[in-house]
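One structure is given here, and the rest of the page talks about it.
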Amino acid sequence: MENRRKPAPTAATLDINCDCKEYVVDYLTKSFPVRLMAVFTDENGNARSEPMSDENGAPVLCRSALAARDRMIEQLCALPPIATALDAIIERFGVDQVAEVTGRTRRLIVGRDGRQVLQSRSPRANVAETRDFMDGTKRILVFSDAGGTGRSYHADLAAKNQMRRVHFLLEPGWRADAAIQGLGRTNRTNQASAPLFRPVTTDVRGERRFISTIARRLDSLGALTRGQRQTGGQNLFDPADNLESTYAKEALHRWFGLLFAGKLEAVTLSRFEELSGLRVEGPDGGMVDDLPTIQRWLNRILALPIALQNGIFDEFLGLVEARIDAARQAGTLDIGVETIAVEHYEVLTDTLLRTDALSGATTHLLELEIARALKPLRLERLDELYGLSGARQQLLRNARSGRIGLLVPARSLLTDEGMRVARFELVRPLKHGHITADQLEESNWETVDPTEFQRLWQAEVDDAASNHKRERLHLATGLLLPVWDKLPSDYVRVSRISARDGRSLLGREVPLHCVPELCQALGLEDEHAFSAEQIVDAVNGTGRPMQIKSREALTLKRSLVNGAQRLELTGWSASRLDWYKAHGCFTEIIRYQTRLFVPTTSAVSVLARLVG
């Protein structure tokens with residue numbers, strides 16, 4: 001009989017799903033509460049419960065709980081597979097674009113033919129992947145704690161890939177030190193540019209608990225920036241991200257007060273105490289003195305239903321942001337060191353403020369002219385971020401200035417009395433900020449049709465892209481500690497001016513209207529001659545009065561007359577009133593007193609004639 005061999009069957013197509021369903025199913029199977037509980041009263045009259053057992057000692061199970069558990073497992077297993085973040089990124093961009101530096105020895109990838117392939121990875125694969133990313137062969141890098149030990153991924157000046165890193169922080173976990181160490185791998189010395197950090201969370205507000213711990217550690221240690229805390233345009237985290245700051249602690253204390261008074265909409269006092277196990281009301285009917293700490297409160301919030309979590313966090317963050325906005329407007333917000341990236345800068349004047357008698361160290365006041373390249377928000381990016389056709393967005397144009405803006409609903413602020421303040425985010429080509437509903441109603445913003453909006457937006461983008469923004473500022477540099485109390489206490493901003501050619505200056509900004517006061521406090525003659533345009537811009541921008549060097553001791557200030565802001569001159573003599581009017585000023589009698597004003601439309605030219 002002829003010996004014939006049966007051919008081997010063709011290899012089956014791999015169909016493997018690497019998700020976490022089995023862990024969740026095992027957890028539900030073992031931990032879902034299905035045992036009946038017997039309720040009894042203890043010797044003190046308190047209701048207690050204990051697991052029920054039959055006469056043989058076997059546990060008594062609840063049929064409805066068993067049915068609910070089985071139904072949940074059935075629905076969970078019927079869901080489509082959910083890939084992990086790492087696998088989803090590789091599947092989306094492909095292995096040719098993503099460098100993976102992890103501890104995995106095998107991974108499932110999709111081949112060029114669209115079929116799954118089980119790929120083995122040797123320990124040296126991480127070295128090759130790192131090299132591909134630093135050389136620019138692969139534009140995306142994904143690394144974990146296991147694969148990132150001892151490696152640097154920053155924009156090194158010696159590497160081919162010197163593009164700015166955008167570092168997305170996924171799954172930070174409970175250990176803030178591990179997350180900080182990972183963030184530090186893309187921010188090193190000798191780099192072409194500092195990275196942009198993007199902590200990623202879902203719409204579950206409780207996840208901000210993890211980001212808050214990292215923000216607090218960075219805020220206190222400054223580990224990533226060698227002692228400085230980057231803020232402003234290059235901020236690592238927004239001040240509102242740190243839920244353990246002074247502002248957050250004050251907001252939480254007020255949140256408890258509003259909860260006790262029944263002025264919150266998200267939750268009542270009795271329900272919060274029942275769900276969280278935290279006591280706010282004391283035996284005497286008043287609020288307890290030792291309220292829960294913010295760390296304990298945040299941990300308990302994580303155990304609440306998601307909808308309730310989000311409602312509580314929205315009201316709490318409304319209190320936090322209200323305090324931060326108030327501190328920012330008052331100039332008392334500690335924002336650390338702000339790096340201002342400029343194309344170039346020029347030192348116009350250098351005034352020696354002080355020389356230390358022992359060390360010889362000096363303190364200088366520099367007048368700088370800086371030129372910044374404008375980076376407008378392009379129309380395509382605006383549509384991608386906010387959407388131009390949404391029902392909640394409003395396309396606006398300022399009737400007074402002709403500028404364009406997109407109005408987007410933002411989180412409402414919450415006052416200490418529990419009143420909600422409606423607020424919007426106003427996005428413009430070169431900046432964005434927040435505006436309240438009352439401010440919007442009193443402003444000159446009006447709606448515009450989509451075609452006109454896109455045309456005006458594109459015109460502003462084109463105009464900004466072809467120009468540099470030039471501005472002047474005063475910077476106190478050198479040995480600042482001995483003169484720190486002489487610097488303006490209501491304006492604390494430390495800045496690093498970093499030019500494109502590598503030059504940099506570090507110091508504290510001094511507003512224009514504070515320069516004469518600083519020189520006078522240090523016993524120096526103010527040698528700075530401010531132009532009329534600088535004076536007008538300073539008074540309009542800050543609302544602070546400024547003295548004008550002229551024949552008389554004039555002061556220009558901003559005054560509210562008949563609901564409108566005007567520029568008013570004080571210190572003039574009645575004998576020269578006709579002279580001021582002849583040079584463009586005008587008068588108005590208010591409460592039987594003649595007051596002298598400068599026209600706002602031609603303030604610069606009029607003031608130049610007065611100074612000259």
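If you're wondering about the labels, chains in the structure tokens are A, B, ... by order shown, residues count from 1 in each chain, ligands from 1 in order shown.
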* Residues near Ala574 in chain A, cut-off 12 Å, only C-alpha atoms, skip fewer than 3 positions along chain, as number ranges by chain -> A: 552, 570-571, 577-581, 587, 593-596
Based on the selection just made, write all heavy atoms of those residues as a CSV table (one decimal), in the first residue's frame.
chain,number,residue,atom,x,y,z
A,552,GLU,N,4.3,121.8,34.1
A,552,GLU,CA,3.6,121.7,35.4
A,552,GLU,C,3.6,120.2,35.8
A,552,GLU,O,3.8,119.3,34.9
A,552,GLU,CB,2.2,122.2,35.2
A,552,GLU,CG,2.1,123.7,35.0
A,552,GLU,CD,0.6,124.1,34.8
A,552,GLU,OE1,-0.1,123.5,34.1
A,552,GLU,OE2,0.2,125.1,35.5
A,570,THR,N,-4.8,116.0,35.7
A,570,THR,CA,-4.9,116.7,37.0
A,570,THR,C,-3.6,117.4,37.3
A,570,THR,O,-2.5,117.1,36.7
A,570,THR,CB,-5.2,115.7,38.2
A,570,THR,OG1,-4.1,114.8,38.2
A,570,THR,CG2,-6.5,115.0,38.0
A,571,GLY,N,-3.6,118.4,38.2
A,571,GLY,CA,-2.4,119.2,38.5
A,571,GLY,C,-2.2,120.4,37.6
A,571,GLY,O,-1.2,121.1,37.8
A,577,LEU,N,-5.4,127.3,31.4
A,577,LEU,CA,-6.5,126.5,30.9
A,577,LEU,C,-6.7,126.7,29.4
A,577,LEU,O,-6.9,125.7,28.7
A,577,LEU,CB,-7.8,126.8,31.7
A,577,LEU,CG,-9.0,126.0,31.3
A,577,LEU,CD1,-8.8,124.5,31.5
A,577,LEU,CD2,-10.2,126.5,32.1
A,578,ASP,N,-6.7,127.9,29.0
A,578,ASP,CA,-6.9,128.2,27.5
A,578,ASP,C,-5.7,127.5,26.7
A,578,ASP,O,-6.0,127.1,25.6
A,578,ASP,CB,-6.9,129.7,27.3
A,578,ASP,CG,-8.2,130.3,27.9
A,578,ASP,OD1,-9.1,129.6,28.0
A,578,ASP,OD2,-8.1,131.5,28.1
A,579,TRP,N,-4.5,127.5,27.3
A,579,TRP,CA,-3.4,126.9,26.5
A,579,TRP,C,-3.6,125.4,26.4
A,579,TRP,O,-3.4,124.8,25.3
A,579,TRP,CB,-2.1,127.1,27.3
A,579,TRP,CG,-0.9,126.6,26.6
A,579,TRP,CD1,-0.1,127.2,25.7
A,579,TRP,CD2,-0.3,125.3,26.9
A,579,TRP,NE1,0.9,126.5,25.3
A,579,TRP,CE2,0.9,125.3,26.0
A,579,TRP,CE3,-0.5,124.2,27.7
A,579,TRP,CZ2,1.7,124.2,25.9
A,579,TRP,CZ3,0.3,123.1,27.6
A,579,TRP,CH2,1.4,123.1,26.8
A,580,TYR,N,-4.1,124.7,27.4
A,580,TYR,CA,-4.4,123.3,27.3
A,580,TYR,C,-5.5,123.0,26.3
A,580,TYR,O,-5.5,122.1,25.5
A,580,TYR,CB,-4.8,122.7,28.6
A,580,TYR,CG,-3.7,122.6,29.6
A,580,TYR,CD1,-3.6,123.4,30.8
A,580,TYR,CD2,-2.6,121.7,29.4
A,580,TYR,CE1,-2.6,123.3,31.7
A,580,TYR,CE2,-1.6,121.6,30.3
A,580,TYR,CZ,-1.5,122.4,31.4
A,580,TYR,OH,-0.5,122.3,32.3
A,581,LYS,N,-6.6,123.9,26.3
A,581,LYS,CA,-7.7,123.7,25.3
A,581,LYS,C,-7.2,123.9,23.9
A,581,LYS,O,-7.6,123.3,23.0
A,581,LYS,CB,-8.8,124.6,25.7
A,581,LYS,CG,-9.5,124.3,27.0
A,581,LYS,CD,-10.5,125.3,27.4
A,581,LYS,CE,-11.7,125.3,26.5
A,581,LYS,NZ,-12.7,126.3,26.9
A,587,THR,N,-12.8,120.6,28.3
A,587,THR,CA,-13.2,120.7,29.7
A,587,THR,C,-14.7,120.3,29.8
A,587,THR,O,-15.5,120.2,28.9
A,587,THR,CB,-13.1,122.1,30.2
A,587,THR,OG1,-13.9,123.0,29.4
A,587,THR,CG2,-11.6,122.5,30.2
A,593,GLN,N,-17.3,121.9,39.3
A,593,GLN,CA,-15.8,121.9,39.2
A,593,GLN,C,-15.4,121.6,37.8
A,593,GLN,O,-15.9,120.7,37.1
A,593,GLN,CB,-15.3,120.8,40.2
A,593,GLN,CG,-13.7,120.8,40.2
A,593,GLN,CD,-13.2,119.8,41.1
A,593,GLN,OE1,-13.9,119.0,41.7
A,593,GLN,NE2,-11.9,119.7,41.3
A,594,THR,N,-14.5,122.5,37.3
A,594,THR,CA,-14.0,122.3,35.9
A,594,THR,C,-13.0,121.2,35.9
A,594,THR,O,-12.0,121.3,36.6
A,594,THR,CB,-13.4,123.6,35.4
A,594,THR,OG1,-14.4,124.6,35.4
A,594,THR,CG2,-12.9,123.4,34.0
A,595,ARG,N,-13.2,120.2,35.0
A,595,ARG,CA,-12.2,119.1,34.9
A,595,ARG,C,-11.7,119.1,33.5
A,595,ARG,O,-12.5,119.4,32.5
A,595,ARG,CB,-12.9,117.8,35.3
A,595,ARG,CG,-13.3,117.8,36.8
A,595,ARG,CD,-14.2,116.6,37.1
A,595,ARG,NE,-13.5,115.3,36.9
A,595,ARG,CZ,-14.0,114.1,37.3
A,595,ARG,NH1,-15.2,114.1,37.8
A,595,ARG,NH2,-13.3,113.0,37.1
A,596,LEU,N,-10.4,118.7,33.3
A,596,LEU,CA,-9.8,118.7,32.1
A,596,LEU,C,-9.5,117.3,31.5
A,596,LEU,O,-9.0,116.5,32.3
A,596,LEU,CB,-8.4,119.5,32.2
A,596,LEU,CG,-7.6,119.8,30.9
A,596,LEU,CD1,-8.4,120.7,30.0
A,596,LEU,CD2,-6.3,120.4,31.3
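For Ser401 in chain A, the set of protein, DNA and RNA residues having any atom at most 12 Å away, when counting only C-alpha atoms and skipping those fewer than 5 positions along the same chain, is Leu396, Ser443, Asn444, Trp445 and Glu446 of chain A.
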Could you dump the residues just selected with N, CA and C atoms as a PDB file, in the first residue's frame?
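And here is the file that came out, result10.pdb:
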ATOM      1  N   LEU A 396     -18.533  85.778  16.708  1.00  0.00           N
ATOM      2  CA  LEU A 396     -18.688  87.170  17.122  1.00  0.00           C
ATOM      3  C   LEU A 396     -17.681  88.067  16.413  1.00  0.00           C
ATOM      4  N   SER A 443     -20.436  94.554  26.478  1.00  0.00           N
ATOM      5  CA  SER A 443     -19.362  94.753  25.507  1.00  0.00           C
ATOM      6  C   SER A 443     -19.931  95.069  24.129  1.00  0.00           C
ATOM      7  N   ASN A 444     -19.021  95.227  23.166  1.00  0.00           N
ATOM      8  CA  ASN A 444     -19.404  95.543  21.787  1.00  0.00           C
ATOM      9  C   ASN A 444     -19.380  94.320  20.876  1.00  0.00           C
ATOM     10  N   TRP A 445     -19.360  93.116  21.439  1.00  0.00           N
ATOM     11  CA  TRP A 445     -19.352  91.912  20.625  1.00  0.00           C
ATOM     12  C   TRP A 445     -20.748  91.654  20.074  1.00  0.00           C
ATOM     13  N   GLU A 446     -20.799  91.340  18.794  1.00  0.00           N
ATOM     14  CA  GLU A 446     -22.061  91.041  18.140  1.00  0.00           C
ATOM     15  C   GLU A 446     -21.873  89.863  17.191  1.00  0.00           C
TER      16      GLU A 446
END
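Remark: for Pro81 in chain A, the closest of the candidate residues A:Leu554, A:Asp416, A:Lys21, A:Leu252 is A:Lys21 (distances computed over only C-alpha atoms).
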* **From A:Gln394, A:Thr415, A:Thr213, A:Thr202, residue lying nearest Ala251 in chain A [only C-alpha atoms]** =>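 Closest residue, counting only C-alpha atoms: A:Thr415.
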* Near Asp203 in chain A, counting only C-alpha atoms, which residues have an atom at most 12 Å away, once you skip same-chain residues fewer than 4 positions from it, shown as a ChimeraX atom specification? -> /A:207-208,306-307,309-311,313-314
